[in-house]
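*Asks:* I'd like to ask some things about the structure below.
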Amino acid sequence: MTFEQMWRDLAPVGRDARTGGYFRQPYGAAETELRHWFVEQARARGLEVEGDDVGNLVAWWRPAGASGRGVLTGSHLDSVLDGGAYDGPLGVVSALAAVDLLRERGVVPRKPIGVSVFVEEEGSRFGLACLGSRLATGALSWSVARELRDRDGVFLPDALAASGLHPDDGDKAWDLAAQVECYVELHVEQGRHLVDLGHAVGVASGIWPHGRYRFEFGGEANHAGTTRMEDRRDPMLTFAMTALAANKQARLSGQRATFGRVQPVPNGTNAVPSSVTAWLDARAADPEALTGLVAAIQRQAAERAERDGTTLHVTTESVSAPVVFDPDLAARVATGHEGGDWPLLPTQAGHDAGILSEAGIPSAMLFVRNPTGVSHSPEEYAEPADCLAGVSALADTLALLATEAPT
């Protein structure tokens, strides 16, 4: 089955007819359907499928003579709420198509090649990005993960059971380092660097550090009509000024700060809320800049809360350290091509490749040009010709890495 055919198969799964966006949350019907689709595609190609108790999958191509640790590729199939089609699935479909292309070229790898699907990369359901790859590398223990709950209060083990997965109380970590020599993830670019540079394909140099922080603003519930403005203790006002402060601080420092999720209580049109909880996504070029950015936002929020007569409590939910991808591996992937070297690009988005890299598995990323520059949105896009260029680039990379002598 060609790349185009596979892409057409995936297009309607989890798509909202009204917005055109995708709702492929982990362990829901759409994402479960996609994981079943992946298993079918892998088995149709004669690949050996392995899965763990939390839904991570790897399909191995082990031709006769292939030995040692393998070269892993792939990505994820889940999406953010109302997300785009390309973030994640492009890497999975391209990996399957790259295996097909290698076979067409008559390439016989000396090492196994694996195509992976990691679950809950986006963190859209359980609030922790790259959950599957964190568990698979041991970066997160099952004893911590099993306490995670989604917005509806459903615990992770219950969501797993509902989708046909039945984890026990043991450690969920795979020993990926024992099976994997290196990892290459193809991803749609989340920005416009390749558009500006005039290249269809690029290579990641590293990932900015980033964190998620929960801001809880407390106030006094009251009537929207009878309460004078000067008598209010309105946490929504404090939050609103904090969101403006975050925007200003990020712009001044050249960093990123976003309040993308807000939960007011009681969430009534005619009521001053008693509390507002908002989640800050902050990203910066280095850890010191990230710490400084969050501190500046928190300081301004506290000052505003004092003026408004409200309260503020900030909780750090997660922080991901900066990732510098293996420079030797990146250089090998990016150079020596007939059409010229592929450009090296930093990225501000987190990826499973970053988790594997932090776990000591040499990792690299290929980016495919996104003409809109938009991601995490229905407007996310890559031209068909660029997608095929990405498949060819991934096949070239896998051939380079998997035809070397096994280690």
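We name chains A, B, ... following the order of the structure tokens; residues begin at 1 in each chain, and ligands are numbered from 1 as shown.
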Give the alpha helix (DSSP H) residues of segment 8-134 of chain A, as assigned by DSSP on the backbone, as a PyMOL selection string.

*Replies:* chain A and resi 8-10+29-44+89-105+131-134

*Asks:* Name all residues at most 7 Å from Pro26 of chain A (count only C-alpha atoms; drop same-chain ones fewer than 5 positions away) and give them as a PyMOL selection string.

*Replies:* chain A and resi 31+78+119-120+125

*Asks:* Counting only C-alpha atoms, what is within 12 Å of Ala246 of chain A, bar same-chain residues fewer than 5 positions away, as an NGL selection string?

*Replies:* :A and (239-241 or 251-260 or 279-283 or 292-301)

*Asks:* Okay, now the selection with N, CA, C and O atoms, as a short mmCIF file (atom, residue, chain, number, x, y, z; two decimals), in the first residue's frame?

*Replies:*
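Writing done, so here's selection_37.cif:
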data_model
loop_
_atom_site.label_atom_id
_atom_site.label_comp_id
_atom_site.auth_asym_id
_atom_site.auth_seq_id
_atom_site.Cartn_x
_atom_site.Cartn_y
_atom_site.Cartn_z
N PHE A 239 -6.49 36.51 36.54
CA PHE A 239 -6.00 35.63 35.47
C PHE A 239 -5.80 36.40 34.17
O PHE A 239 -4.78 36.23 33.48
N ALA A 240 -6.76 37.23 33.81
CA ALA A 240 -6.68 37.97 32.55
C ALA A 240 -5.43 38.83 32.50
O ALA A 240 -4.71 38.86 31.49
N MET A 241 -5.14 39.51 33.59
CA MET A 241 -3.94 40.35 33.63
C MET A 241 -2.68 39.50 33.61
O MET A 241 -1.64 39.90 33.05
N ARG A 251 7.35 38.09 24.80
CA ARG A 251 7.74 38.93 23.66
C ARG A 251 9.03 39.70 23.94
O ARG A 251 9.91 39.80 23.07
N LEU A 252 9.15 40.24 25.14
CA LEU A 252 10.33 41.03 25.48
C LEU A 252 11.60 40.19 25.48
O LEU A 252 12.68 40.67 25.13
N SER A 253 11.47 38.90 25.86
CA SER A 253 12.65 38.04 26.00
C SER A 253 12.87 37.11 24.80
O SER A 253 13.85 36.36 24.78
N GLY A 254 11.95 37.14 23.83
CA GLY A 254 12.09 36.27 22.67
C GLY A 254 11.81 34.81 22.98
O GLY A 254 12.31 33.92 22.29
N GLN A 255 11.01 34.55 24.02
CA GLN A 255 10.68 33.19 24.42
C GLN A 255 9.22 32.88 24.06
O GLN A 255 8.63 33.55 23.23
N ARG A 256 8.62 31.88 24.70
CA ARG A 256 7.25 31.48 24.42
C ARG A 256 6.48 31.31 25.73
O ARG A 256 6.99 30.68 26.65
N ALA A 257 5.28 31.85 25.80
CA ALA A 257 4.42 31.67 26.97
C ALA A 257 2.97 31.67 26.51
O ALA A 257 2.54 32.58 25.80
N THR A 258 2.22 30.64 26.92
CA THR A 258 0.86 30.46 26.43
C THR A 258 -0.04 29.94 27.55
O THR A 258 0.28 28.91 28.17
N PHE A 259 -1.15 30.63 27.79
CA PHE A 259 -2.22 30.06 28.60
C PHE A 259 -3.26 29.52 27.62
O PHE A 259 -4.03 30.28 27.03
N GLY A 260 -3.28 28.21 27.44
CA GLY A 260 -4.18 27.62 26.46
C GLY A 260 -5.35 26.86 27.05
O GLY A 260 -6.24 26.43 26.33
N TRP A 279 -3.55 26.90 32.93
CA TRP A 279 -2.30 26.17 32.72
C TRP A 279 -1.40 26.96 31.77
O TRP A 279 -1.80 27.30 30.65
N LEU A 280 -0.19 27.22 32.23
CA LEU A 280 0.80 27.95 31.45
C LEU A 280 1.76 26.97 30.78
O LEU A 280 2.34 26.11 31.45
N ASP A 281 1.93 27.11 29.49
CA ASP A 281 2.97 26.40 28.74
C ASP A 281 4.06 27.43 28.45
O ASP A 281 3.82 28.42 27.77
N ALA A 282 5.26 27.19 28.99
CA ALA A 282 6.37 28.13 28.82
C ALA A 282 7.56 27.41 28.20
O ALA A 282 7.89 26.28 28.58
N ARG A 283 8.23 28.08 27.25
CA ARG A 283 9.38 27.51 26.56
C ARG A 283 10.42 28.60 26.36
O ARG A 283 10.07 29.75 26.11
N GLY A 292 13.63 32.28 34.45
CA GLY A 292 13.40 33.71 34.55
C GLY A 292 12.06 34.13 34.00
O GLY A 292 11.38 34.99 34.56
N LEU A 293 11.65 33.52 32.89
CA LEU A 293 10.36 33.84 32.28
C LEU A 293 9.21 33.49 33.22
O LEU A 293 8.31 34.32 33.46
N VAL A 294 9.22 32.29 33.76
CA VAL A 294 8.14 31.86 34.65
C VAL A 294 8.13 32.69 35.93
O VAL A 294 7.06 33.07 36.43
N ALA A 295 9.31 33.01 36.45
CA ALA A 295 9.39 33.82 37.67
C ALA A 295 8.80 35.20 37.45
O ALA A 295 8.10 35.75 38.31
N ALA A 296 9.08 35.79 36.28
CA ALA A 296 8.56 37.12 35.98
C ALA A 296 7.04 37.10 35.87
O ALA A 296 6.35 38.00 36.37
N ILE A 297 6.50 36.06 35.22
CA ILE A 297 5.04 35.95 35.10
C ILE A 297 4.40 35.73 36.46
O ILE A 297 3.39 36.36 36.79
N GLN A 298 5.00 34.88 37.28
CA GLN A 298 4.45 34.61 38.60
C GLN A 298 4.50 35.85 39.50
O GLN A 298 3.57 36.11 40.26
N ARG A 299 5.58 36.61 39.37
CA ARG A 299 5.70 37.83 40.18
C ARG A 299 4.61 38.83 39.83
O ARG A 299 3.96 39.40 40.72
N GLN A 300 4.38 39.02 38.54
CA GLN A 300 3.34 39.96 38.14
C GLN A 300 1.95 39.45 38.52
O GLN A 300 1.07 40.23 38.88
N ALA A 301 1.75 38.13 38.47
CA ALA A 301 0.47 37.56 38.88
C ALA A 301 0.23 37.79 40.36
O ALA A 301 -0.90 38.14 40.78
#

*Asks:* Which residues are close to Leu128 of chain A, i.e. within 10 Å by only C-alpha atoms, leaving aside same-chain residues fewer than 2 positions away? Reply as a ChimeraX atom specification.

*Replies:* /A:120-126,130-132,134,145,148,212,317-319

*Asks:* With C-alpha atoms retained, could you export that selection as a PDB file, in the first residue's frame?

*Replies:*
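Contents of part_31.pdb, as written:
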ATOM      1  CA  GLU A 120       0.040   9.933  24.608  1.00  0.00           C
ATOM      2  CA  GLU A 121       2.834  11.977  23.055  1.00  0.00           C
ATOM      3  CA  GLU A 122       0.772  15.165  23.170  1.00  0.00           C
ATOM      4  CA  GLY A 123      -0.305  14.905  26.800  1.00  0.00           C
ATOM      5  CA  SER A 124      -3.781  15.967  25.693  1.00  0.00           C
ATOM      6  CA  ARG A 125      -5.599  13.511  27.937  1.00  0.00           C
ATOM      7  CA  PHE A 126      -3.437  12.837  30.991  1.00  0.00           C
ATOM      8  CA  CYS A 130       5.470  11.860  25.872  1.00  0.00           C
ATOM      9  CA  LEU A 131       3.894   9.583  28.456  1.00  0.00           C
ATOM     10  CA  GLY A 132       4.436   6.433  26.404  1.00  0.00           C
ATOM     11  CA  ARG A 134       8.766   8.117  29.213  1.00  0.00           C
ATOM     12  CA  ALA A 145       1.905   7.105  35.996  1.00  0.00           C
ATOM     13  CA  LEU A 148      -2.573  10.219  36.515  1.00  0.00           C
ATOM     14  CA  ARG A 212       3.749  23.253  32.228  1.00  0.00           C
ATOM     15  CA  GLU A 317       3.397  20.080  36.734  1.00  0.00           C
ATOM     16  CA  SER A 318       6.305  19.134  34.471  1.00  0.00           C
ATOM     17  CA  VAL A 319       9.591  20.526  33.176  1.00  0.00           C
TER      18      VAL A 319
END

*Asks:* Let me make sure I understand: among A:Arg69, A:His351, A:Arg146, A:His166, which one has the smallest atom-to-atom distance to Asp52 of chain A if we use only C-alpha atoms?

*Replies:* A:His166

*Asks:* I'd like the neighbourhood of Val54 of chain A as number ranges by chain, where a residue qualifies if any of its atoms comes within 7 Å (using only C-alpha atoms), though same-chain residues fewer than 2 positions away should be ignored.

*Replies:* A: 52, 56, 160, 165, 167

*Asks:* I'd like to know which of A:His337, A:Lys248, A:Arg151, A:Lys111 is closest to Cys182 of chain A, using only C-alpha atoms.

*Replies:* A:Lys111

*Asks:* By how many Å are atom CA of Val92 of chain A and atom CA of Glu4 of chain A apart?

*Replies:* 13.0 Å

*Asks:* Hey, what's within 12 Å of Trp342 of chain A if we count only C-alpha atoms and toss same-chain stuff fewer than 3 positions away? As a PyMOL selection string, please?

*Replies:* chain A and resi 194+197-205+330-339+345+365-369+389-390+393+397

*Asks:* Distance atom CA of Gly138 of chain A-atom CA of Ala178 of chain A, one decimal place?

*Replies:*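 Interatomic distance here is 12.6 Å.
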
*Asks:* Would you pick out the contacts of Asp396 of chain A at 9 Å or less, using only C-alpha atoms, so that residues sharing its chain but fewer than 3 positions from it are not included, and give the list as a VMD selection string?

*Replies:* chain A and resid 98 102 333 391 to 393 399 to 401

*Asks:* Please determine, counting only C-alpha atoms, which residue among A:Ala271, A:Val115, A:Val262, A:Leu176 has the shortest atom-to-atom distance to Thr73 of chain A.

*Replies:*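 Selected residue with least distance to Thr73 of chain A: A:Val115.
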
*Asks:* How far is it from atom CA of Ala221 of chain A to atom CA of Ser275 of chain A, in Å with one decimal?

*Replies:*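 Spanning atom CA of Ala221 of chain A to atom CA of Ser275 of chain A is a straight-line distance of 7.9 Å.
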
*Asks:* Which residue is closest to Asp9 of chain A? Choose from A:Ala353, A:Val180, A:Val93, A:Ala245 and count only C-alpha atoms.

*Replies:*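 So, comparing all the options, the nearest one is A:Val93.
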
*Asks:* Calculated over only C-alpha atoms, which of the candidates A:Val314, A:Val195, A:Ala285, A:Val107 has the smallest distance to Leu398 of chain A?

*Replies:*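 Checking each candidate against Leu398 of chain A, we get A:Val107 as the closest.
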